[in-house]
Each structure stands twice: as structure tokens, then as C-alpha cells.
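Engineer: There's a structure below that I have some questions on.
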Amino acid sequence: MKRSADVIIDPPAAIPGGEVAILLPQSVEARSQEIWCGDRRPHTVAANSKRLLALVPGNTGSGVVELNLKGPSGKAQRGTITVGRKLVDGLHPVANPAFDPADGSLFVTRSGSRGEHVPVSIYRITSEGVVSEFSGDVTNPTAIAFDRKGEMFTTSRFDGSVYRITALKEVIEFATELGIATGLAFRSDGVMFVGDRTGTIFRVDEMGQAKPWAQIEPSVSAYHLAFGPNDVLYVTGPTVSSFDGITRFDSQGESSVFYRGLGRPQGLAFDREGNLYVAASLRGRRGIVRITPDGLDARLVVAGMNVVGLAFGPAGDMVVATNDSVYSVPLEIRGILLE
């Protein structure tokens, strides 16, 4: 939570459409307040005597935005919230976007429904914010990741393959027969791991040969993979439960529960302090959840609806992907993979 001049806003950051709680001083009747976010009126979802729930409106500007509440007495209560800037819409990400370590450009998918072939399925966004069509040669691209050499790989949940995509936009089949291939991550030694959402984590060698490495409960949508400190693999995969968890695997493929209590957990990423960020619902509120390295404390840090993934940019911004748009939130957080 972020303490402002007069009110507490929880969480302290959001993308447009995200739900935030506004907590007022004890002397102020919350239900009587008129809310303004910049020059726009947020929609109030609920209110009691001490708290308001409101949706951050679009077109409020980005970065630190002033939030004002005005009551019958005319006295204003003030606060600020960090609002994300929309980079692009009209897409269909289903996992984390990924930054190219060579030039800081961002890659994001228009994945489509399974079996749907769209003309352009991968887009590139430069560090200056220019959006361009990159490739349409992969059907249902899901996860994107770069290896230690800076080469780009993507999974296809359509044909169960991993493809390598060169800087010249050549698409080369790298590994096959991976089931419904979704999550993709590289260990620090360069070894690739791929999640088949029907229940298998594959280890893939440098020649593209895959072997089952670990088993996990099947997911109704996708697995999302990320390596944390000490090369421990963390995996999310939404099930029909509303109380899902994050599973971690040691170097031998032995599993344990890192955290349980999330709704529909999806994309995940680490910062340099070892905190884990995951697109999920926490106690009924949706957005990006931060979990401490010991797995004991979780809190919503960015509010947003339909969030599927995230990535940390080279400038410290958090990129948040929903099921149709991508936003940049200036939070000054450095990702573990950018070291």
C-alpha cells in the first residue's frame, strides 16, 4: 500500500480498468466523496464509511496521476497512483511478453484460438514505442524466451513444437512432440525447459531433443515457467480450483509448493531481490501479485483486469499484458534476467 498526502491507495499502481481501494482518514465519510482521477471520474464499485473501491479510468494520462476526493464540506482529500501507459492493443497475448536483450525491443503475440492462423502472430515494439509486424509463420505462439546467445524461441500450443526465430525473421523448427507446448524458460546454463499443459515439464537439449523431466497437475489453459534464484524452476498452471498455487522444482525435478492461495495464476517473473511477481487474483482482486522470496507474504502491487503476463524492461518499467493489450508501468523494478 502507498501512503499519499491524505489517503491510502491499495495497490499503488494500476492499468486502466484496474480496481483500487481508497482508504480515507477516520474523520472522513468515504461514501460521501466524489472521486476524480486526473480529469476523469472513476466508476465506484463499492463504498462503505471508510473505503471506496473504484476502477481506474482510461485516458487519465500515465505515470503518477493525482487522485482527488471531494466531500460535501468542500475539503479535498488527495492521493496519487501510478497508471500504466498503453503500448498496443488489438492483440491476444496468452503468456509473458519478452524483451530482446540486444536492443530492448519487446515481443508480444497475437496467439488466437487454438488452430486459428492469423496473418501476423508476433509483433515487435521498439524501445521508442514503434509497433511493427514481425512474423506470421507460427500458429498459436504462446511463450517467448531468449537464450544466453540472444536467440529468440517460441512455443506453439497448436503443433506442440518450439521454434527458433532469427533476426532476419526466419522460423526454424527446433523441438517437436511436446504435447500442448505452452511455458518456456532457460536455466542459467542455457538448458531449455518446456511445459506441456497436459502434465509434463520437458528438458530440451541444445540439439532440440526433449525428455520428460517432471510431472505436474494438468492445466486448463497453459503452464507458465520462470527460473528464480539458484536455478529453481517456478511453474504456474491454472486449474478448475479457485485456490491455485505456484509449484517449484529443484535441480532434480522434485516438486514442492511455494505459495498457495491464488486465483488463475499465469505469467511470472523475478526481480533482482528474488521477489516473484505473478499475474493472478489474490483474495478476489486481480492484477500483478508480488510474493516475497520466502513465500510468506503476498500482496497486490498492480491492479488490472484480464492480466495474463508481465516482463521487466531494461529501464525498470514493468510491462503488463492483458488478453488484448500491453501496458508499461514505470515502477523502477529491475528484473533478474537483465543482470
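By order in the C-alpha cells, chains are A, B, ...; within a chain, residues start at 1; ligands start at 1, following the order shown.
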Using only C-alpha atoms, determine which residues lie at most 6 Å from stretch 231-238 of chain A, disregarding the query and same-chain residues fewer than 2 positions distant; provide the list as a list of chain:residue names.
Structural biologist: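 The residues satisfying every condition are A:Ser219, A:Ala222, A:Tyr223, A:His224, A:Leu225, A:Ala226, A:Phe227, A:Gly228, A:Pro229, A:Ile246, A:Thr247, A:Arg248, A:Phe249, A:Asp250, A:Arg264, A:Pro265, A:Gln266.
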Engineer: For those residues, write C-alpha atoms to a file as a PDB file, in the first residue's frame.
Structural biologist:
ATOM      1  CA  SER A 219      -3.757 -27.070 -16.534  1.00  0.00           C
ATOM      2  CA  ALA A 222      -1.301 -23.184 -20.010  1.00  0.00           C
ATOM      3  CA  TYR A 223       1.829 -23.624 -17.963  1.00  0.00           C
ATOM      4  CA  HIS A 224       3.988 -20.575 -17.282  1.00  0.00           C
ATOM      5  CA  LEU A 225       7.654 -21.118 -16.348  1.00  0.00           C
ATOM      6  CA  ALA A 226      10.346 -18.918 -14.809  1.00  0.00           C
ATOM      7  CA  PHE A 227      13.689 -19.652 -13.181  1.00  0.00           C
ATOM      8  CA  GLY A 228      14.360 -17.945  -9.890  1.00  0.00           C
ATOM      9  CA  PRO A 229      17.442 -17.703  -7.688  1.00  0.00           C
ATOM     10  CA  ILE A 246       2.876 -21.944  -7.501  1.00  0.00           C
ATOM     11  CA  THR A 247       4.978 -25.088  -7.745  1.00  0.00           C
ATOM     12  CA  ARG A 248       8.769 -25.061  -7.658  1.00  0.00           C
ATOM     13  CA  PHE A 249      11.166 -27.745  -8.846  1.00  0.00           C
ATOM     14  CA  ASP A 250      14.710 -28.279  -7.648  1.00  0.00           C
ATOM     15  CA  ARG A 264      -5.901 -18.329 -12.055  1.00  0.00           C
ATOM     16  CA  PRO A 265      -2.126 -17.689 -11.741  1.00  0.00           C
ATOM     17  CA  GLN A 266      -0.435 -17.199 -15.107  1.00  0.00           C
TER      18      GLN A 266
END
Engineer: Restrict the calculation to only C-alpha atoms, then for each residue of stretch 4-98 of chain A with any atom at most 10 Å from an atom of stretch 297-320 of chain A give the closest atom pair and their distance in Å to one decimal, rows by chain and rising residue number, as JSON lines.
Structural biologist:
{"residue": "A:Asp10", "atom": "CA", "partner": "A:Val301", "partner_atom": "CA", "distance": 7.8}
{"residue": "A:Pro11", "atom": "CA", "partner": "A:Val301", "partner_atom": "CA", "distance": 5.1}
{"residue": "A:Pro12", "atom": "CA", "partner": "A:Val301", "partner_atom": "CA", "distance": 6.5}
{"residue": "A:Ala13", "atom": "CA", "partner": "A:Val302", "partner_atom": "CA", "distance": 4.8}
{"residue": "A:Ala14", "atom": "CA", "partner": "A:Ala303", "partner_atom": "CA", "distance": 4.4}
{"residue": "A:Ile15", "atom": "CA", "partner": "A:Gly304", "partner_atom": "CA", "distance": 5.4}
{"residue": "A:Pro16", "atom": "CA", "partner": "A:Gly304", "partner_atom": "CA", "distance": 7.0}
{"residue": "A:Gly17", "atom": "CA", "partner": "A:Gly304", "partner_atom": "CA", "distance": 6.1}
{"residue": "A:Gly18", "atom": "CA", "partner": "A:Gly304", "partner_atom": "CA", "distance": 3.8}
{"residue": "A:Glu19", "atom": "CA", "partner": "A:Ala303", "partner_atom": "CA", "distance": 5.8}
{"residue": "A:Val20", "atom": "CA", "partner": "A:Ala303", "partner_atom": "CA", "distance": 6.5}
{"residue": "A:Ala21", "atom": "CA", "partner": "A:Ala303", "partner_atom": "CA", "distance": 9.8}
{"residue": "A:Leu55", "atom": "CA", "partner": "A:Gly304", "partner_atom": "CA", "distance": 9.1}
{"residue": "A:Val56", "atom": "CA", "partner": "A:Ala303", "partner_atom": "CA", "distance": 8.9}
{"residue": "A:Thr82", "atom": "CA", "partner": "A:Val302", "partner_atom": "CA", "distance": 8.9}
{"residue": "A:Val83", "atom": "CA", "partner": "A:Val302", "partner_atom": "CA", "distance": 9.0}
{"residue": "A:Gly84", "atom": "CA", "partner": "A:Val320", "partner_atom": "CA", "distance": 8.4}
{"residue": "A:Arg85", "atom": "CA", "partner": "A:Val319", "partner_atom": "CA", "distance": 9.4}
{"residue": "A:Lys86", "atom": "CA", "partner": "A:Val320", "partner_atom": "CA", "distance": 9.4}
{"residue": "A:Leu87", "atom": "CA", "partner": "A:Val319", "partner_atom": "CA", "distance": 9.1}
{"residue": "A:His92", "atom": "CA", "partner": "A:Val308", "partner_atom": "CA", "distance": 9.8}
{"residue": "A:Pro93", "atom": "CA", "partner": "A:Val308", "partner_atom": "CA", "distance": 7.2}
{"residue": "A:Val94", "atom": "CA", "partner": "A:Val308", "partner_atom": "CA", "distance": 5.9}
{"residue": "A:Ala95", "atom": "CA", "partner": "A:Gly309", "partner_atom": "CA", "distance": 5.1}
{"residue": "A:Asn96", "atom": "CA", "partner": "A:Gly309", "partner_atom": "CA", "distance": 4.2}
{"residue": "A:Pro97", "atom": "CA", "partner": "A:Ala311", "partner_atom": "CA", "distance": 6.2}
{"residue": "A:Ala98", "atom": "CA", "partner": "A:Ala311", "partner_atom": "CA", "distance": 6.3}
Engineer: May I have the residues within 8 Å of A:Lys50 as a ChimeraX atom specification, using only C-alpha atoms and disregarding those fewer than 6 positions away in the same chain?
Structural biologist: /A:23-26,28-31
Engineer: Restricting the calculation to only C-alpha atoms, which member of A:Leu106, A:Ile9, A:Val118, A:Leu168 is positioned closest to A:Leu67?
Structural biologist: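 For A:Leu67, the nearest of the candidates is A:Ile9.
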Engineer: Looking at A:Gln209, A:Thr44, A:Ile165, A:Ser156, which one is nearest to A:Gly195, with distances taken over only C-alpha atoms?
Structural biologist: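 Of the candidates, the smallest distance to A:Gly195 is held by A:Ser156.
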